[in-house]
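Participant: Okay, so here is final30.txt, and as you'll see once you scroll down, it has compact mmCIF, C-alpha atoms.
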```txt
# COMPACT_ATOMS: atom_id res chain seq x y z
CA ASN A 687 0.00 0.00 0.00
CA GLN A 688 0.99 3.64 -0.32
CA TYR A 689 2.76 4.71 2.86
CA ILE A 690 0.80 7.23 4.96
CA ALA A 691 2.76 8.50 7.96
CA PRO A 692 1.24 8.92 11.45
CA ARG A 693 -0.52 12.27 11.78
CA ASN A 694 -0.79 12.67 15.55
CA GLU A 695 0.79 11.46 18.80
CA THR A 696 -1.60 8.52 19.23
CA GLU A 697 -0.88 7.19 15.75
CA GLU A 698 2.87 7.68 16.26
CA LYS A 699 2.82 5.64 19.49
CA LEU A 700 0.71 2.90 17.92
CA ALA A 701 3.04 2.74 14.91
CA SER A 702 6.01 2.39 17.25
CA ILE A 703 4.31 -0.50 19.10
CA TRP A 704 3.41 -2.24 15.84
CA GLN A 705 6.93 -1.83 14.47
CA GLU A 706 8.45 -3.34 17.61
CA VAL A 707 6.03 -6.30 17.76
CA LEU A 708 6.14 -7.11 14.04
CA GLY A 709 9.83 -6.31 13.51
CA ILE A 710 9.10 -3.93 10.62
CA GLU A 711 10.93 -0.60 10.32
CA ARG A 712 8.17 1.56 8.82
CA ILE A 713 4.41 1.04 9.14
CA GLY A 714 1.80 3.40 7.74
CA VAL A 715 -1.53 4.17 9.38
CA THR A 716 -3.52 2.42 6.61
CA ASP A 717 -1.42 -0.78 6.57
CA SER A 718 -3.33 -3.90 7.67
CA PHE A 719 -1.88 -5.61 10.75
CA PHE A 720 -2.60 -9.07 9.34
CA GLU A 721 -1.24 -8.35 5.87
CA LEU A 722 2.00 -7.32 7.62
CA GLY A 723 2.23 -10.81 9.16
CA GLY A 724 0.36 -10.25 12.43
CA HIS A 725 -1.52 -13.10 14.12
CA SER A 726 -3.55 -13.72 17.26
CA LEU A 727 -0.52 -13.87 19.60
CA SER A 728 0.93 -10.63 18.27
CA VAL A 729 -2.52 -9.01 18.58
CA ALA A 730 -2.40 -9.82 22.31
CA GLN A 731 1.06 -8.22 22.56
CA VAL A 732 -0.12 -5.04 20.84
CA ILE A 733 -3.23 -4.78 23.03
CA ASN A 734 -1.19 -5.27 26.22
CA ARG A 735 1.47 -2.72 25.25
CA THR A 736 -1.18 -0.22 24.12
CA HIS A 737 -3.00 -0.65 27.44
CA LYS A 738 0.22 -0.06 29.37
CA GLN A 739 1.31 3.04 27.40
CA PHE A 740 -2.06 4.72 26.85
CA GLY A 741 -4.22 3.56 29.75
CA LYS A 742 -6.62 2.59 26.96
CA THR A 743 -7.58 -0.77 25.52
CA ILE A 744 -9.58 -2.53 22.82
CA THR A 745 -11.18 -5.95 22.55
CA ILE A 746 -9.67 -8.58 20.26
CA LYS A 747 -12.95 -8.67 18.32
CA LEU A 748 -12.72 -4.92 17.64
CA PHE A 749 -9.05 -5.25 16.70
CA PHE A 750 -9.90 -7.80 14.01
CA ALA A 751 -12.60 -5.49 12.64
CA ASN A 752 -10.24 -2.46 12.67
CA PRO A 753 -6.77 -3.81 11.80
CA THR A 754 -5.18 -0.48 10.80
CA ILE A 755 -3.65 2.20 13.03
CA GLU A 756 -6.02 4.77 11.54
CA LYS A 757 -9.13 2.82 12.54
CA LEU A 758 -7.73 1.38 15.76
CA SER A 759 -6.84 4.80 17.19
CA LYS A 760 -10.54 5.76 17.04
CA GLU A 761 -11.74 2.63 18.85
CA LEU A 762 -9.51 2.80 21.95
CA GLN A 763 -11.46 2.92 25.21
CA ASP A 764 -10.28 4.25 28.57
CA SER A 765 -9.24 1.46 30.93
CA GLU A 766 -7.05 1.79 33.99
CA TYR A 767 -3.84 -0.20 33.63
CA ILE A 768 -2.89 -2.14 36.75
CA ALA A 769 0.58 -3.67 36.67
CA ILE A 770 1.20 -7.16 38.01
CA PRO A 771 2.91 -6.69 41.41
CA LYS A 772 6.01 -8.51 42.59
CA ALA A 773 5.15 -11.47 44.82
CA PRO A 774 6.41 -11.50 48.44
CA GLU A 775 9.55 -13.59 48.86
CA SER A 776 8.66 -17.18 49.74
CA GLU A 777 10.19 -20.64 49.83
CA SER A 778 7.82 -21.75 47.06
CA TYR A 779 5.12 -20.39 44.78
CA PRO A 780 1.88 -21.68 43.22
CA LEU A 781 1.64 -23.06 39.69
CA THR A 782 -0.43 -21.52 36.93
CA ALA A 783 -3.22 -23.66 35.48
CA SER A 784 -1.14 -24.43 32.37
CA GLN A 785 1.86 -25.49 34.48
CA ARG A 786 -0.35 -27.74 36.62
CA ARG A 787 -1.81 -29.33 33.49
CA LEU A 788 1.68 -29.98 32.08
CA TRP A 789 2.86 -31.39 35.41
CA ILE A 790 -0.05 -33.87 35.50
CA MET A 791 0.50 -34.93 31.86
CA SER A 792 4.20 -35.42 32.57
CA GLN A 793 3.40 -37.96 35.28
CA LEU A 794 1.81 -40.30 32.72
CA GLU A 795 3.91 -42.92 30.96
CA GLY A 796 5.71 -41.25 28.07
CA GLY A 797 4.17 -37.92 29.00
CA SER A 798 7.36 -36.25 30.12
CA LEU A 799 9.13 -36.79 26.78
CA ALA A 800 6.07 -35.51 24.91
CA TYR A 801 6.69 -32.04 26.37
CA ASN A 802 10.40 -31.76 25.58
CA MET A 803 10.83 -28.74 23.31
CA PRO A 804 13.85 -28.92 20.99
CA GLY A 805 15.32 -26.11 18.94
CA ALA A 806 18.42 -25.86 16.75
CA VAL A 807 20.06 -22.73 15.32
CA SER A 808 22.91 -22.40 12.83
CA LEU A 809 25.75 -20.16 14.01
CA LYS A 810 28.54 -18.89 11.78
CA GLY A 811 31.82 -17.42 12.88
CA SER A 812 34.59 -18.24 15.32
CA ILE A 813 33.04 -19.19 18.66
CA ASP A 814 34.67 -18.95 22.07
CA THR A 815 32.90 -21.82 23.88
CA ASP A 816 33.72 -20.46 27.36
CA LYS A 817 32.25 -17.05 26.53
CA PHE A 818 29.22 -18.70 24.92
CA GLU A 819 28.55 -20.72 28.08
CA GLU A 820 29.05 -17.60 30.20
CA SER A 821 26.45 -15.73 28.11
CA PHE A 822 23.93 -18.48 28.71
CA LYS A 823 24.61 -18.53 32.43
CA LEU A 824 23.82 -14.82 32.50
CA LEU A 825 20.40 -15.67 31.04
CA LEU A 826 19.79 -18.30 33.70
CA GLN A 827 20.62 -15.63 36.26
CA ARG A 828 18.24 -13.16 34.56
CA HIS A 829 15.24 -15.50 34.12
CA GLU A 830 14.15 -17.23 37.33
CA ILE A 831 11.89 -19.65 35.43
CA LEU A 832 15.05 -21.27 33.98
CA ARG A 833 16.12 -22.08 37.54
CA THR A 834 12.72 -23.42 38.63
CA TYR A 835 11.75 -26.96 39.62
CA PHE A 836 8.48 -28.51 40.78
CA LYS A 837 7.66 -30.77 43.71
CA ALA A 838 5.01 -31.44 46.33
CA ASP A 839 5.11 -29.50 49.61
CA ASN A 840 4.30 -30.95 53.04
CA GLU A 841 0.56 -30.68 52.29
CA GLY A 842 0.94 -32.57 49.00
CA ASP A 843 0.35 -29.51 46.83
CA ILE A 844 2.64 -29.14 43.79
CA ARG A 845 4.59 -25.89 44.06
CA GLN A 846 7.41 -24.24 42.12
CA TYR A 847 10.78 -23.62 43.74
CA ILE A 848 13.60 -21.41 42.49
CA ILE A 849 17.30 -22.26 42.87
CA PRO A 850 19.71 -19.32 43.44
CA ALA A 851 21.84 -18.74 40.35
CA GLU A 852 25.11 -19.45 42.17
CA GLN A 853 23.87 -22.93 43.17
CA LEU A 854 22.88 -23.98 39.66
CA ASP A 855 25.01 -26.56 37.86
CA PHE A 856 24.72 -25.79 34.15
CA LYS A 857 27.07 -26.70 31.31
CA ILE A 858 26.82 -26.45 27.54
CA SER A 859 28.21 -29.68 26.11
CA SER A 860 30.53 -29.33 23.11
CA GLU A 861 30.57 -31.95 20.35
CA ASP A 862 32.79 -32.05 17.27
CA PHE A 863 31.14 -33.46 14.13
CA SER A 864 33.67 -31.99 11.71
CA PHE A 865 35.11 -35.44 10.90
CA ALA A 866 31.85 -37.41 11.08
CA GLU A 867 30.71 -39.47 8.12
CA ASN A 868 27.20 -38.53 6.92
CA GLN A 869 27.46 -35.41 9.05
CA GLN A 870 23.81 -34.30 8.76
CA GLU A 871 22.53 -37.76 9.71
CA ALA A 872 24.94 -37.93 12.66
CA ILE A 873 23.81 -34.52 13.96
CA ALA A 874 20.13 -35.37 13.48
CA LYS A 875 20.64 -38.62 15.42
CA TYR A 876 22.48 -36.78 18.22
CA ILE A 877 19.72 -34.15 18.54
CA GLU A 878 17.01 -36.83 18.55
CA GLU A 879 18.80 -38.83 21.27
CA ARG A 880 19.38 -35.73 23.42
CA ASN A 881 15.77 -34.66 23.06
CA HIS A 882 14.62 -38.14 24.15
CA GLU A 883 16.26 -37.72 27.54
CA ALA A 884 13.48 -37.17 30.06
CA PHE A 885 13.63 -34.18 32.41
CA ASP A 886 13.12 -34.76 36.12
CA LEU A 887 10.73 -31.95 37.07
CA GLU A 888 12.12 -32.01 40.61
CA GLN A 889 15.62 -31.14 39.38
CA ALA A 890 16.54 -27.74 37.91
CA PRO A 891 17.50 -26.64 35.35
CA LEU A 892 14.81 -28.06 33.07
CA ILE A 893 16.88 -27.02 30.10
CA ARG A 894 19.92 -28.48 28.32
CA SER A 895 22.02 -27.35 25.39
CA SER A 896 24.87 -28.40 23.14
CA LEU A 897 27.22 -26.63 20.73
CA LEU A 898 27.90 -28.87 17.73
CA LYS A 899 30.87 -28.08 15.50
CA LEU A 900 30.29 -28.76 11.77
CA LYS A 901 33.52 -27.23 10.51
CA GLU A 902 35.67 -24.17 11.14
CA GLN A 903 33.40 -21.16 11.70
CA GLU A 904 30.19 -23.19 11.43
CA TYR A 905 28.19 -24.60 14.35
CA VAL A 906 24.73 -25.78 15.38
CA PHE A 907 23.43 -24.63 18.75
CA PHE A 908 20.95 -27.17 20.15
CA LEU A 909 18.58 -26.27 22.96
CA SER A 910 15.94 -28.40 24.67
CA MET A 911 13.64 -27.37 27.51
CA HIS A 912 10.55 -28.75 29.19
CA HIS A 913 7.34 -27.04 28.14
CA ILE A 914 6.48 -26.34 31.81
CA ILE A 915 9.09 -23.53 31.88
CA GLY A 916 8.75 -22.13 28.37
CA ASP A 917 7.28 -22.23 24.88
CA GLY A 918 8.30 -21.50 21.30
CA TRP A 919 8.26 -17.78 21.98
CA SER A 920 10.54 -18.28 25.01
CA MET A 921 12.95 -20.27 22.85
CA GLU A 922 13.26 -17.41 20.33
CA LEU A 923 13.88 -14.88 23.12
CA LEU A 924 16.52 -17.08 24.77
CA VAL A 925 18.49 -17.64 21.57
CA SER A 926 18.41 -13.94 20.62
CA GLU A 927 19.44 -12.86 24.15
CA ALA A 928 22.20 -15.50 24.25
CA VAL A 929 23.67 -14.24 20.96
CA GLU A 930 23.40 -10.61 22.09
CA ALA A 931 25.08 -11.37 25.43
CA TYR A 932 27.84 -13.36 23.69
CA ASN A 933 28.59 -10.57 21.22
CA ARG A 934 28.87 -8.06 24.07
CA LEU A 935 31.24 -10.34 26.00
CA MET A 936 33.42 -10.81 22.91
CA GLN A 937 33.57 -7.02 22.44
CA GLY A 938 34.64 -6.60 26.06
CA LYS A 939 31.40 -4.82 26.90
CA LYS A 940 29.24 -5.23 29.99
CA VAL A 941 26.12 -7.37 29.55
CA ASP A 942 23.54 -5.07 31.11
CA PHE A 943 20.08 -6.18 30.03
CA PRO A 944 17.29 -4.06 31.56
CA GLU A 945 16.06 -5.53 34.85
CA LEU A 946 12.87 -7.53 34.43
CA GLY A 947 9.86 -5.89 36.09
CA ILE A 948 8.37 -9.25 37.05
CA GLN A 949 9.29 -12.90 36.87
CA TYR A 950 7.01 -15.84 36.03
CA LYS A 951 6.42 -16.61 39.71
CA ASP A 952 4.99 -13.09 40.15
CA TYR A 953 2.56 -13.76 37.30
CA ALA A 954 1.60 -17.11 38.86
CA VAL A 955 0.85 -15.54 42.25
CA TRP A 956 -1.11 -12.67 40.65
CA LEU A 957 -3.09 -15.05 38.40
CA ASN A 958 -4.09 -17.32 41.28
CA GLY A 959 -5.35 -14.27 43.16
CA ALA A 960 -7.18 -12.88 40.12
CA LEU A 961 -9.05 -16.14 39.59
CA HIS A 962 -10.95 -15.52 42.82
CA GLN A 963 -12.26 -12.15 41.63
CA ALA A 964 -15.93 -11.84 40.73
CA LYS A 965 -15.41 -11.32 36.98
CA HIS A 966 -13.34 -14.51 36.70
CA GLN A 967 -15.84 -16.50 38.73
CA ALA A 968 -18.60 -15.28 36.38
CA SER A 969 -16.48 -16.38 33.42
CA GLU A 970 -15.92 -19.80 35.01
CA ALA A 971 -19.67 -20.22 35.60
CA TYR A 972 -20.35 -19.31 31.95
CA TRP A 973 -17.97 -21.94 30.55
CA LEU A 974 -19.11 -24.65 32.96
CA ASN A 975 -22.62 -23.99 31.70
CA GLN A 976 -21.45 -24.10 28.07
CA PHE A 977 -19.86 -27.51 28.56
CA GLU A 978 -22.40 -29.13 30.86
CA GLY A 979 -24.01 -32.42 29.88
CA GLU A 980 -22.55 -35.02 27.55
CA LEU A 981 -19.77 -33.66 25.35
CA PRO A 982 -19.56 -34.80 21.71
CA VAL A 983 -16.58 -36.99 20.91
CA LEU A 984 -14.92 -36.88 17.49
CA ASP A 985 -14.82 -40.56 16.51
CA LEU A 986 -12.32 -40.69 13.65
CA PRO A 987 -12.44 -43.79 11.43
CA SER A 988 -9.15 -45.66 11.36
CA PHE A 989 -7.72 -48.81 9.86
CA LYS A 990 -5.63 -49.30 13.01
CA THR A 991 -6.80 -50.01 16.54
CA ARG A 992 -5.70 -47.45 19.09
CA PRO A 993 -3.34 -48.90 21.73
CA LEU A 994 -4.63 -49.30 25.27
CA VAL A 995 -1.79 -47.11 26.53
CA GLN A 996 -1.19 -43.73 24.89
CA THR A 997 2.23 -43.69 23.22
CA TYR A 998 2.57 -40.14 21.79
CA ASN A 999 3.85 -41.68 18.56
CA GLY A 1000 3.14 -39.57 15.52
CA ALA A 1001 4.35 -38.24 12.21
CA ASN A 1002 3.93 -35.21 9.98
CA ILE A 1003 3.20 -34.67 6.32
CA SER A 1004 4.29 -31.57 4.39
CA HIS A 1005 2.42 -30.20 1.39
CA HIS A 1006 3.07 -27.03 -0.62
CA PHE A 1007 0.10 -25.16 -2.04
CA SER A 1008 0.49 -22.98 -5.13
CA GLN A 1009 1.09 -19.25 -4.79
CA ALA A 1010 -2.23 -18.60 -6.57
CA PHE A 1011 -4.16 -20.71 -4.05
CA LEU A 1012 -2.37 -18.99 -1.17
CA GLU A 1013 -3.46 -15.60 -2.50
CA GLU A 1014 -7.05 -16.87 -2.70
CA LEU A 1015 -6.88 -18.01 0.93
CA LYS A 1016 -5.45 -14.66 2.02
CA ALA A 1017 -8.13 -12.74 0.15
CA PHE A 1018 -10.87 -14.90 1.69
CA SER A 1019 -9.38 -14.45 5.18
CA LYS A 1020 -9.22 -10.69 4.73
CA ALA A 1021 -12.85 -10.57 3.53
CA GLN A 1022 -13.92 -12.49 6.66
CA ASP A 1023 -11.76 -10.37 9.04
CA VAL A 1024 -9.84 -13.44 10.22
CA THR A 1025 -6.21 -14.56 10.06
CA LEU A 1026 -4.93 -17.13 7.57
CA PHE A 1027 -4.41 -19.51 10.49
CA MET A 1028 -8.08 -19.28 11.45
CA THR A 1029 -9.18 -20.04 7.87
CA LEU A 1030 -6.87 -23.08 7.66
CA MET A 1031 -8.00 -24.27 11.10
CA ALA A 1032 -11.65 -24.03 10.03
CA GLY A 1033 -10.80 -26.14 6.99
CA ILE A 1034 -9.13 -28.82 9.13
CA ASN A 1035 -12.07 -28.90 11.57
CA THR A 1036 -14.49 -29.26 8.64
CA LEU A 1037 -12.42 -32.12 7.24
CA LEU A 1038 -12.24 -33.97 10.58
CA HIS A 1039 -15.96 -33.68 11.20
```
Go through the file and emit its structure as structure tokens.
Facilitator:
Amino acid sequence: NQYIAPRNETEEKLASIWQEVLGIERIGVTDSFFELGGHSLSVAQVINRTHKQFGKTITIKLFFANPTIEKLSKELQDSEYIAIPKAPESESYPLTASQRRLWIMSQLEGGSLAYNMPGAVSLKGSIDTDKFEESFKLLLQRHEILRTYFKADNEGDIRQYIIPAEQLDFKISSEDFSFAENQQEAIAKYIEERNHEAFDLEQAPLIRSSLLKLKEQEYVFFLSMHHIIGDGWSMELLVSEAVEAYNRLMQGKKVDFPELGIQYKDYAVWLNGALHQAKHQASEAYWLNQFEGELPVLDLPSFKTRPLVQTYNGANISHHFSQAFLEELKAFSKAQDVTLFMTLMAGINTLLH
């Protein structure tokens, strides 16, 4: 689209938020958030940051109907922003609902491995392994969730505990594959084997990593963490912060990331308190009513009998659609005020039913 610059302070601030969230240098006030690559998760980021900066907010439904800065600026509604407070220091802290769910699933046979999250990144250049490990230790010091473990307290309630950074035993293992035959196969096998090592949720850190040498000035950085302490978004942040910290160390500069306002434990304490508020109890009552009675079960036909014990075995199939078909999907999604993901998900649900 033709670029139209922000025309007032509100539009300038919104453009700055969009540019930071989407990673785009210049965004005009008539550019569509979703055509720029935005999705539901990034919508939530924009709404939260807008609420914090403006003291104004907008519903997700209204955002989808008004996905440009020009329209969005006119729909903002006053709403007092209340920051999540720091939790009082304690020996342990409660779990969030998602953490509790993951903890329960991890107690089932094979369940722990199902929530190992692997990631691998190519790195090019000469790497000082000691400095690289030091940069990662700085991240473990910065993010308490990376030093968190989970166990039952004296009353039998599962709680999260945080190990002081100086007591944490963390090493990045170094492996040299520069002389390996069938190098790619050997690395793939190594990563698969490492990712099939179960985490003990009662032992921190619930994260492991390796630096694999392919040849001079070429490496693969492998990272695996349990889903109870992070997600795909966390993985991206960790890798980018690790590289930034390493570069600063190599340049002889101080690694001085801004201090985090809150840690995950603070969010967990705040969330458990918020769930007892009237508006959340009303929401809970609504959903219990929605799902009361017998729930429909999707009975998929299959030529194989499901095993008695869930195994988590699976596979994936890749398929490339034509550019022309992709453009049709995008146009349809835009006409319906939904993201491409939502259109594709509707198609899958239709197929399954």
Participant: Could you check the closest approach to A:Ile770 for each of A:Thr716, A:Ser896, A:Gln949, A:Gln889 and tell me which residue wins, using only C-alpha atoms?
Facilitator: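 Among the listed residues, the smallest separation from A:Ile770 belongs to A:Gln949.
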Participant: Using all atoms listed in the file, pick whichever of A:Thr736, A:Ser792, A:Ser784, A:Ser1019 has the shortest atom-to-atom distance to A:Ser765.
Facilitator: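 Under the stated criterion, the closest residue is A:Thr736.
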Participant: Of the candidates A:Ser864, A:Ser812, A:Gln963, A:Thr1025, which shows the shortest atom-to-atom distance to A:Leu727, using all atoms listed in the file?
Facilitator: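 With all atoms listed in the file as the atom set, the closest residue is A:Thr1025.
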Participant: Rank A:Glu945, A:Gly805, A:Phe1007, A:Glu902 by their smallest atom-to-atom distance to A:Ser920, using only C-alpha atoms, and report the top residue only.
Facilitator: A:Gly805
Participant: When distances are computed from all atoms listed in the file, which of A:Ala874, A:Ala884, A:Leu898, A:Ile813 shows the smallest separation from A:Ser859?
Facilitator: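 Result for the nearest residue to A:Ser859: A:Leu898.
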Participant: Between A:Leu887, A:Val1024, A:Ala769, A:Ile844, which one has atoms that come closest to A:Phe719, using all atoms listed in the file?
Facilitator: A:Val1024
Participant: In Å to one decimal, how far is atom CA of A:Ser988 from atom CA of A:Ile1034?
Facilitator: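 Interatomic distance here is 17.0 Å.
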Participant: Pull the neighbourhood of (28.5, -27.8, 16.5) for me: all residues within 12 Å in file coordinates, counting only C-alpha atoms, as JSON, numbers by chain.
Facilitator: {"A": [806, 807, 808, 809, 810, 811, 812, 813, 815, 858, 859, 860, 861, 862, 863, 864, 865, 866, 869, 870, 872, 873, 874, 876, 877, 895, 896, 897, 898, 899, 900, 901, 902, 903, 904, 905, 906, 907, 908, 909]}
Participant: Need to verify the contact set: A:Phe822, 10 Å, only C-alpha atoms, exclusion of same-chain residues closer than 6 positions in sequence. Can you return it as JSON, numbers by chain?
Facilitator: {"A": [828, 856, 857, 858, 895, 924, 925, 927, 928, 929, 931, 932]}
Participant: So how far away is atom CA of A:Ser778 from atom CA of A:Leu957, in Å?
Facilitator: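 Value for the atom CA of A:Leu957-atom CA of A:Ser778 distance: 15.5 Å.
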Participant: Rounded to one decimal place, report the atom CA of A:Lys837-atom CA of A:Ser910 distance in Å.
Facilitator: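 Interatomic distance, atom CA of A:Lys837 to atom CA of A:Ser910: 20.9 Å.
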Participant: Tell me, as a count of residues only, which residues lie within 9 Å of A:Glu795, counting all atoms listed in the file; anything in the same chain fewer than 6 positions away does not count.
Facilitator: 3
Participant: What's around A:Thr754 at 10 Å? Count only C-alpha atoms, leave out sequence neighbours fewer than 6 positions away in its own chain, and write the answer as a list in words.
Facilitator: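 What passes the distance filter is Leu700, Ala701, Ile713, Gly714, Val715, Thr716, Asp717, Ser718, Phe719 and Phe720 of chain A.
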Participant: Tell me, as a ChimeraX atom specification, which residues lie within 9 Å of A:Trp956, counting only C-alpha atoms; anything in the same chain fewer than 2 positions away does not count.
Facilitator: /A:770-773,951-954,958-961
Participant: With a distance cut-off of 10 Å and only C-alpha atoms, select the neighbouring residues of A:Gly918, excluding the residue or stretch itself and same-chain residues fewer than 4 positions from it, and output the selection as a list in words.
Facilitator: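 So, after excluding close chain neighbours, the residues are Met803, Pro804, Gly805, His913, Glu922, Leu923 and Leu924 of chain A.
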